[in-house]
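File shown here: my_file24.pdb, holding PDB, C-alpha atoms.
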ATOM      1  CA  MET K 479     -64.724 104.072-134.907
ATOM      2  CA  ALA K 480     -65.880 106.795-132.505
ATOM      3  CA  LEU K 481     -64.305 106.816-129.057
ATOM      4  CA  ALA K 482     -67.802 106.885-127.544
ATOM      5  CA  ASP K 483     -68.415 103.413-128.997
ATOM      6  CA  ARG K 484     -65.855 102.026-126.523
ATOM      7  CA  PHE K 485     -68.078 103.025-123.569
ATOM      8  CA  LEU K 486     -71.057 101.031-122.273
ATOM      9  CA  THR K 487     -73.377 101.061-119.290
ATOM     10  CA  LEU K 488     -74.717  97.815-117.852
ATOM     11  CA  GLY K 489     -77.195  97.812-114.985
ATOM     12  CA  ARG K 490     -80.712  97.216-113.760
ATOM     13  CA  ASP K 491     -83.250  99.721-115.061
ATOM     14  CA  VAL K 492     -85.013 101.530-112.209
ATOM     15  CA  HIS K 493     -88.362 101.514-113.998
ATOM     16  CA  SER K 494     -88.623  98.089-115.650
ATOM     17  CA  GLU K 495     -86.213  96.185-113.347
ATOM     18  CA  GLU K 496     -84.671  94.688-116.496
ATOM     19  CA  VAL K 497     -80.900  94.275-116.772
ATOM     20  CA  LEU K 498     -79.953  96.508-119.720
ATOM     21  CA  ALA K 499     -76.731  97.253-121.585
ATOM     22  CA  ARG K 500     -76.419 100.427-123.630
ATOM     23  CA  GLY K 501     -73.697 101.740-125.926
ATOM     24  CA  GLY K 502     -70.886 100.021-127.742
ATOM     25  CA  ASP K 503     -70.109  99.147-131.341
ATOM     26  CA  PRO K 504     -70.990  95.988-133.339
ATOM     27  CA  GLU K 505     -68.138  94.048-131.716
ATOM     28  CA  ALA K 506     -69.447  94.933-128.252
ATOM     29  CA  HIS K 507     -72.963  93.980-129.315
ATOM     30  CA  SER K 508     -71.665  90.613-130.498
ATOM     31  CA  ILE K 509     -70.018  90.025-127.115
ATOM     32  CA  LEU K 510     -73.257  90.906-125.320
ATOM     33  CA  GLN K 511     -75.272  88.524-127.484
ATOM     34  CA  ARG K 512     -72.742  85.733-126.927
ATOM     35  CA  SER K 513     -73.130  86.421-123.209
ATOM     36  CA  GLY K 514     -76.866  85.787-123.334
ATOM     37  CA  PHE K 515     -78.268  89.266-124.009
ATOM     38  CA  VAL K 516     -81.093  89.952-126.466
ATOM     39  CA  PRO K 517     -80.876  92.956-128.856
ATOM     40  CA  VAL K 518     -83.729  95.480-128.742
ATOM     41  CA  VAL K 519     -84.003  97.740-131.806
ATOM     42  CA  ARG K 520     -85.987 100.938-131.312
ATOM     43  CA  LEU K 521     -86.516 103.897-133.626
ATOM     44  CA  HIS K 522     -83.764 106.016-132.094
ATOM     45  CA  GLU K 523     -81.574 103.500-130.263
ATOM     46  CA  THR K 524     -80.459  99.912-130.000
ATOM     47  CA  TYR K 525     -79.746  98.356-126.629
ATOM     48  CA  HIS K 526     -79.556  94.876-125.106
ATOM     49  CA  ARG K 527     -81.481  93.155-122.314
ATOM     50  CA  LEU K 528     -81.303  89.824-120.557
ATOM     51  CA  PRO K 529     -83.962  87.242-121.462
ATOM     52  CA  VAL K 530     -87.213  87.305-119.521
ATOM     53  CA  GLY K 531     -87.943  84.719-116.844
ATOM     54  CA  LEU K 532     -84.455  84.466-115.296
ATOM     55  CA  ASP K 533     -83.962  84.444-111.547
ATOM     56  CA  GLU K 534     -81.776  87.094-109.969
ATOM     57  CA  ALA K 535     -78.780  84.801-109.520
ATOM     58  CA  GLU K 536     -78.758  83.871-113.210
ATOM     59  CA  GLU K 537     -79.114  87.522-114.225
ATOM     60  CA  GLU K 538     -76.135  88.407-112.059
ATOM     61  CA  ARG K 539     -74.060  85.560-113.526
ATOM     62  CA  LEU K 540     -74.756  86.541-117.159
ATOM     63  CA  ALA K 541     -74.302  90.267-116.576
ATOM     64  CA  THR K 542     -71.030  89.772-114.687
ATOM     65  CA  ARG K 543     -69.709  87.525-117.439
ATOM     66  CA  ALA K 544     -70.576  90.168-120.045
ATOM     67  CA  VAL K 545     -68.667  92.819-118.074
ATOM     68  CA  ALA K 546     -65.631  90.526-117.816
ATOM     69  CA  ARG K 547     -65.662  89.806-121.551
ATOM     70  CA  LEU K 548     -66.103  93.431-122.580
ATOM     71  CA  ARG K 549     -63.341  94.720-120.310
ATOM     72  CA  ALA K 550     -61.010  91.963-121.527
ATOM     73  CA  VAL K 551     -60.989  93.644-124.948
ATOM     74  CA  SER K 552     -60.589  97.189-123.562
ATOM     75  CA  TYR K 553     -64.196  98.392-123.463
ATOM     76  CA  HIS K 554     -64.970 100.802-120.633
ATOM     77  CA  VAL K 555     -68.042  99.437-118.858
ATOM     78  CA  GLU K 556     -69.884 101.390-116.166
ATOM     79  CA  ALA K 557     -71.644  98.561-114.327
ATOM     80  CA  ASP K 558     -73.870  98.223-111.283
ATOM     81  CA  HIS K 559     -72.023  97.097-108.171
ATOM     82  CA  ALA K 560     -73.742  93.675-108.360
ATOM     83  CA  PHE K 561     -72.278  93.074-111.821
ATOM     84  CA  ASP K 562     -68.834  94.633-111.320
ATOM     85  CA  THR K 563     -65.872  92.251-111.499
ATOM     86  CA  GLU K 564     -62.095  92.226-111.761
ATOM     87  CA  THR K 565     -62.222  89.016-113.794
ATOM     88  CA  ARG K 566     -61.115  89.156-117.440
ATOM     89  CA  GLU K 567     -62.098  86.294-119.739
ATOM     90  CA  SER K 568     -59.671  85.157-122.401
ATOM     91  CA  ARG K 569     -60.697  86.197-125.872
ATOM     92  CA  TYR K 570     -61.501  83.461-128.387
ATOM     93  CA  LEU K 571     -61.999  83.634-132.139
ATOM     94  CA  PRO K 572     -65.713  83.322-132.925
ATOM     95  CA  LEU K 573     -66.768  81.152-135.842
ATOM     96  CA  GLY K 574     -67.994  84.189-137.753
ATOM     97  CA  SER K 575     -64.525  85.759-137.573
ATOM     98  CA  GLN K 576     -63.036  82.619-139.048
ATOM     99  CA  VAL K 577     -65.460  82.814-141.962
ATOM    100  CA  THR K 578     -64.692  86.529-142.386
ATOM    101  CA  HIS K 579     -61.023  85.558-142.810
ATOM    102  CA  LEU K 580     -62.073  83.825-146.031
ATOM    103  CA  ALA K 581     -63.191  87.196-147.401
ATOM    104  CA  GLU K 582     -59.769  88.670-146.567
ATOM    105  CA  ARG K 583     -58.089  85.913-148.559
ATOM    106  CA  ILE K 584     -60.246  86.719-151.582
ATOM    107  CA  ARG K 585     -59.523  90.449-151.247
ATOM    108  CA  GLU K 586     -55.795  89.684-151.287
ATOM    109  CA  ALA K 587     -55.966  87.233-154.198
ATOM    110  CA  VAL K 588     -54.140  88.253-157.373
ATOM    111  CA  THR K 589     -54.880  85.177-159.513
ATOM    112  CA  SER K 590     -57.916  82.995-160.093
ATOM    113  CA  ASP K 591     -55.979  80.024-158.686
ATOM    114  CA  GLU K 592     -56.131  81.525-155.171
ATOM    115  CA  VAL K 593     -59.915  81.807-154.909
ATOM    116  CA  PRO K 594     -61.245  78.240-155.467
ATOM    117  CA  ASP K 595     -59.692  76.956-152.225
ATOM    118  CA  VAL K 596     -61.533  79.681-150.334
ATOM    119  CA  LEU K 597     -64.878  78.966-152.008
ATOM    120  CA  THR K 598     -64.355  75.262-151.343
ATOM    121  CA  GLU K 599     -64.554  76.016-147.628
ATOM    122  CA  LEU K 600     -68.078  77.300-148.302
ATOM    123  CA  THR K 601     -69.249  74.704-150.810
ATOM    124  CA  ALA K 602     -67.555  71.432-149.802
ATOM    125  CA  SER K 603     -70.216  68.745-149.892
ATOM    126  CA  HIS K 604     -69.178  67.021-146.648
ATOM    127  CA  ASN K 605     -68.374  69.783-144.152
ATOM    128  CA  GLY K 606     -68.495  73.080-146.021
ATOM    129  CA  VAL K 607     -69.867  76.155-144.279
ATOM    130  CA  LEU K 608     -73.107  76.231-146.297
ATOM    131  CA  ILE K 609     -73.766  72.524-145.794
ATOM    132  CA  ALA K 610     -73.215  72.969-142.061
ATOM    133  CA  LEU K 611     -75.530  75.984-142.048
ATOM    134  CA  GLY K 612     -78.189  73.874-143.741
ATOM    135  CA  GLU K 613     -77.850  71.282-140.993
ATOM    136  CA  VAL K 614     -78.315  73.976-138.357
ATOM    137  CA  LEU K 615     -81.483  75.244-140.073
ATOM    138  CA  THR K 616     -82.841  71.706-140.429
ATOM    139  CA  ALA K 617     -82.165  70.942-136.767
ATOM    140  CA  THR K 618     -83.850  74.202-135.729
ATOM    141  CA  ALA K 619     -86.872  73.359-137.887
ATOM    142  CA  ALA K 620     -87.176  69.970-136.206
ATOM    143  CA  PHE K 621     -86.965  71.646-132.794
ATOM    144  CA  TYR K 622     -89.767  74.073-133.671
ATOM    145  CA  GLN K 623     -92.019  71.442-135.230
ATOM    146  CA  ASP K 624     -93.311  69.972-131.970
ATOM    147  CA  LEU K 625     -92.546  72.842-129.598
ATOM    148  CA  GLY K 626     -96.232  73.310-128.849
ATOM    149  CA  GLN K 627     -97.349  76.806-129.857
ATOM    150  CA  ALA K 628     -99.704  77.457-132.753
ATOM    151  CA  LEU K 629     -97.177  79.146-135.045
ATOM    152  CA  ASP K 630     -94.335  76.716-134.399
ATOM    153  CA  PRO K 631     -95.159  74.298-137.289
ATOM    154  CA  HIS K 632     -95.308  77.288-139.655
ATOM    155  CA  THR K 633     -91.883  78.429-138.446
ATOM    156  CA  ALA K 634     -90.539  74.920-139.013
ATOM    157  CA  LYS K 635     -91.864  74.873-142.589
ATOM    158  CA  ARG K 636     -90.374  78.314-143.243
ATOM    159  CA  LEU K 637     -86.947  77.129-142.117
ATOM    160  CA  GLN K 638     -87.199  74.054-144.317
ATOM    161  CA  TYR K 639     -88.143  76.244-147.281
ATOM    162  CA  LEU K 640     -85.162  78.528-146.711
ATOM    163  CA  THR K 641     -82.858  75.521-146.456
ATOM    164  CA  GLU K 642     -84.081  73.763-149.579
ATOM    165  CA  HIS K 643     -84.880  76.652-151.928
ATOM    166  CA  ARG K 644     -82.747  79.604-150.882
ATOM    167  CA  LEU K 645     -79.647  78.136-149.298
ATOM    168  CA  GLY K 646     -79.578  75.408-151.943
ATOM    169  CA  VAL K 647     -79.499  77.956-154.769
ATOM    170  CA  LEU K 648     -76.694  79.890-153.069
ATOM    171  CA  TRP K 649     -74.653  76.698-152.651
ATOM    172  CA  SER K 650     -75.211  75.691-156.283
ATOM    173  CA  ASP K 651     -74.190  79.086-157.688
ATOM    174  CA  LEU K 652     -71.065  79.370-155.552
ATOM    175  CA  ALA K 653     -70.030  75.799-156.398
ATOM    176  CA  HIS K 654     -70.344  76.654-160.109
ATOM    177  CA  MET K 655     -68.213  79.794-159.635
ATOM    178  CA  ARG K 656     -65.630  77.800-157.693
ATOM    179  CA  ASN K 657     -65.306  75.280-160.529
ATOM    180  CA  ASP K 658     -65.167  78.035-163.157
ATOM    181  CA  LEU K 659     -62.304  79.834-161.401
ATOM    182  CA  ALA K 660     -60.440  76.560-160.853
ATOM    183  CA  ASP K 661     -60.181  76.136-164.647
ATOM    184  CA  ARG K 662     -59.183  79.705-165.530
ATOM    185  CA  HIS K 663     -55.568  80.096-164.283
ATOM    186  CA  GLN K 664     -55.856  83.835-164.889
ATOM    187  CA  ASP K 665     -54.129  86.813-163.330
ATOM    188  CA  HIS K 666     -56.525  89.476-162.102
ATOM    189  CA  PRO K 667     -56.054  92.482-164.421
ATOM    190  CA  GLN K 668     -56.476  95.026-161.596
ATOM    191  CA  ARG K 669     -54.284  93.290-158.999
ATOM    192  CA  ARG K 670     -50.650  92.327-158.738
ATOM    193  CA  ALA K 671     -48.502  90.844-156.024
ATOM    194  CA  CYS K 672     -46.390  93.421-154.190
ATOM    195  CA  THR K 673     -42.845  92.243-153.449
ATOM    196  CA  ALA K 674     -42.002  95.387-151.424
ATOM    197  CA  GLU K 675     -38.605  95.368-153.098
ATOM    198  CA  VAL K 676     -36.710  98.422-154.290
ATOM    199  CA  GLY K 677     -35.748  98.557-157.944
ATOM    200  CA  PRO K 678     -32.031  98.141-158.804
ATOM    201  CA  ASP K 679     -31.860 101.650-160.246
ATOM    202  CA  GLU K 680     -33.414 103.323-157.156
ATOM    203  CA  ARG K 681     -30.944 105.578-155.322
ATOM    204  CA  GLU K 682     -33.251 107.056-152.669
ATOM    205  CA  ALA K 683     -32.730 105.420-149.286
ATOM    206  CA  SER K 684     -36.348 106.062-148.351
ATOM    207  CA  ALA K 685     -37.744 103.983-151.234
ATOM    208  CA  VAL K 686     -39.426 100.804-150.004
ATOM    209  CA  CYS K 687     -41.479  99.538-152.925
ATOM    210  CA  ALA K 688     -40.982  99.430-156.660
ATOM    211  CA  CYS K 689     -44.606  98.689-157.480
ATOM    212  CA  PRO K 690     -46.351 101.379-159.531
ATOM    213  CA  PRO K 691     -49.652 102.716-158.192
ATOM    214  CA  PRO K 692     -52.688 100.723-159.328
ATOM    215  CA  PRO K 693     -54.587 102.181-162.279
ATOM    216  CA  PRO K 694     -57.655 104.264-161.347
ATOM    217  CA  ARG K 695     -60.589 101.865-161.420
ATOM    218  CA  LEU K 696     -63.232 104.426-162.276
ATOM    219  CA  ALA K 697     -61.302 105.642-165.287
ATOM    220  CA  THR K 698     -60.756 102.079-166.442
ATOM    221  CA  ARG K 699     -64.370 101.093-165.837
ATOM    222  CA  HIS K 700     -65.835 103.997-167.782
ATOM    223  CA  ALA K 701     -63.228 104.303-170.522
ATOM    224  CA  ALA K 702     -64.875 104.588-173.900
ATOM    225  CA  ALA K 703     -64.271 101.859-176.438
ATOM    226  CA  PRO K 704     -62.218 102.955-179.449
ATOM    227  CA  GLY K 705     -64.397 104.050-182.311
ATOM    228  CA  ALA K 706     -64.558 102.187-185.585
ATOM    229  CA  PRO K 707     -62.276 103.571-188.337
ATOM    230  CA  ALA K 708     -63.969 105.877-190.804
ATOM    231  CA  PRO K 709     -64.751 104.182-194.124
ATOM    232  CA  ALA K 710     -62.323 105.033-196.904
ATOM    233  CA  HIS K 711     -63.742 107.184-199.695
ATOM    234  CA  PRO K 712     -63.794 105.405-203.048
ATOM    235  CA  ARG K 713     -61.410 106.767-205.585
ATOM    236  CA  ARG K 714     -62.921 108.768-208.333
TER     237      ARG K 714
END

Any chance you could put this one into structure tokens?
Amino acid sequence: MALADRFLTLGRDVHSEEVLARGGDPEAHSILQRSGFVPVVRLHETYHRLPVGLDEAEEERLATRAVARLRAVSYHVEADHAFDTETRESRYLPLGSQVTHLAERIREAVTSDEVPDVLTELTASHNGVLIALGEVLTATAAFYQDLGQALDPHTAKRLQYLTEHRLGVLWSDLAHMRNDLADRHQDHPQRRACTAEVGPDEREASAVCACPPPPPRLATRHAAAPGAPAPAHPRR
């Protein structure tokens, strides 16, 4: 991560009078969006603005909160005086980070028995992540349905389609994979648990791990299959 990504500016634009935030990395952008900002993607830059239609007091409240949250996780924020604050908000673990932790568990898995529990968190029929996501999409569709603008019913139908035909297929496939891995009881051929123990015949004091280096994946992936034996010549 570039050091420049730890720096942001947050202030009122002199031309548009909008409250804009510029700079930062994806984590900073996530904090801004959770603080009420809207991402704006242009050809040569991405920045964030506050929603339209807010009064000045609400703009100041949201911008000040964003500054407090960014500085709490060591971002350097150059802010307008109206938005500057010494407050630091406690950091919390967003839901997306909790789901990302599931990916880390799969990356660390060395047997097929370790993965089904992770996929169950996604596919559980009562409160799995995908079922919950479907409920969010359905609730959003219902909200759009009678919101009043001409395209709102179309948006509602689109959300229902995504829920029933796209998200449903993803849930079905992952549930099948979860069940398949639950029955395998197989060690992953390219992974092994590292005990970080030194072998009994190791004399070097600096040795910390007896595990051999993993085999090169590219060489394994592209290794040629052994050729068939040449047919024996018939005796004359």

Selection as a CSV table (one decimal) with C-alpha atoms, in the coordinates of the input: residues within 12 Å of (-64.7, 83.3, -122.6), counting only C-alpha atoms:
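Listing of part-v5.csv after writing:
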chain,number,residue,atom,x,y,z
K,509,ILE,CA,-70.0,90.0,-127.1
K,510,LEU,CA,-73.3,90.9,-125.3
K,512,ARG,CA,-72.7,85.7,-126.9
K,513,SER,CA,-73.1,86.4,-123.2
K,540,LEU,CA,-74.8,86.5,-117.2
K,543,ARG,CA,-69.7,87.5,-117.4
K,544,ALA,CA,-70.6,90.2,-120.0
K,545,VAL,CA,-68.7,92.8,-118.1
K,546,ALA,CA,-65.6,90.5,-117.8
K,547,ARG,CA,-65.7,89.8,-121.6
K,548,LEU,CA,-66.1,93.4,-122.6
K,549,ARG,CA,-63.3,94.7,-120.3
K,550,ALA,CA,-61.0,92.0,-121.5
K,551,VAL,CA,-61.0,93.6,-124.9
K,565,THR,CA,-62.2,89.0,-113.8
K,566,ARG,CA,-61.1,89.2,-117.4
K,567,GLU,CA,-62.1,86.3,-119.7
K,568,SER,CA,-59.7,85.2,-122.4
K,569,ARG,CA,-60.7,86.2,-125.9
K,570,TYR,CA,-61.5,83.5,-128.4
K,571,LEU,CA,-62.0,83.6,-132.1
K,572,PRO,CA,-65.7,83.3,-132.9

- Query: Using all atoms listed in the file, which residues sit within 12 Å of region 519-533 of chain K once same-chain residues fewer than 5 positions away are excluded, as JSON, numbers by chain?
  - Reply: {"K": [486, 487, 488, 489, 490, 491, 494, 495, 496, 497, 498, 499, 500, 501, 502, 503, 504, 506, 507, 508, 509, 510, 511, 512, 513, 514, 538, 539, 540, 541, 542, 544]}

Would you write out, as JSON lines, a table of all residues in region 580-642 of chain K that have an atom no more than 9 Å from an atom of region 650-663 of chain K, listing for each the closest atom pair and the distance in Å to one decimal, considering all atoms listed in the file and ordering rows by chain and rising residue number?
{"residue": "K:Thr589", "atom": "CA", "partner": "K:His663", "partner_atom": "CA", "distance": 7.0}
{"residue": "K:Ser590", "atom": "CA", "partner": "K:Leu659", "partner_atom": "CA", "distance": 5.6}
{"residue": "K:Asp591", "atom": "CA", "partner": "K:His663", "partner_atom": "CA", "distance": 5.6}
{"residue": "K:Glu592", "atom": "CA", "partner": "K:Ala660", "partner_atom": "CA", "distance": 8.7}
{"residue": "K:Val593", "atom": "CA", "partner": "K:Leu659", "partner_atom": "CA", "distance": 7.2}
{"residue": "K:Pro594", "atom": "CA", "partner": "K:Arg656", "partner_atom": "CA", "distance": 4.9}
{"residue": "K:Asp595", "atom": "CA", "partner": "K:Arg656", "partner_atom": "CA", "distance": 8.1}
{"residue": "K:Val596", "atom": "CA", "partner": "K:Arg656", "partner_atom": "CA", "distance": 8.6}
{"residue": "K:Leu597", "atom": "CA", "partner": "K:Arg656", "partner_atom": "CA", "distance": 5.9}
{"residue": "K:Thr598", "atom": "CA", "partner": "K:Arg656", "partner_atom": "CA", "distance": 7.0}
{"residue": "K:Leu600", "atom": "CA", "partner": "K:Leu652", "partner_atom": "CA", "distance": 8.1}
{"residue": "K:Thr601", "atom": "CA", "partner": "K:Ala653", "partner_atom": "CA", "distance": 5.7}
{"residue": "K:Ala602", "atom": "CA", "partner": "K:Ala653", "partner_atom": "CA", "distance": 8.3}

- Note on the structure: Separating CA of Tyr553 (chain K) from CA of Val577 (chain K), to the nearest tenth of an Å, is a gap of 24.2 Å

- Quick one, how far is CA of Glu613 (chain K) from CA of Phe515 (chain K)?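 Separation of CA of Glu613 (chain K) and CA of Phe515 (chain K): 24.7 Å.
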
- Query: Out of K:Arg644, K:Arg669, K:Arg484, K:Lys635, which residue has the shortest atom-to-atom distance to Glu586 (chain K) when counting only C-alpha atoms?
  - Reply: K:Arg669

- Message: Just the number, please: distance in Å from CA of Phe561 (chain K) to CA of Val516 (chain K), one decimal.
- Response: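 Taking CA of Phe561 (chain K) and CA of Val516 (chain K), their separation equals 17.4 Å.
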
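Closest to Arg585 (chain K) among K:Gln668, K:Glu642, K:Val492, K:Ile609 is K:Gln668, based on all atoms listed in the file.
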
- Of the candidates K:Glu537, K:Gln638, K:His632, K:Glu599, which shows the shortest atom-to-atom distance to Thr618 (chain K), using all atoms listed in the file? K:Gln638

Mind working out the centre and edge lengths of an axis-aligned box for region 479-494 of chain K, all listed atoms inside, 6 Å added to each side, rounded to one decimal in Å and written as lines of an AutoDock Vina configuration file?
center_x = -76.5
center_y = 102.1
center_z = -123.6
size_x = 36.3
size_y = 21.7
size_z = 34.7
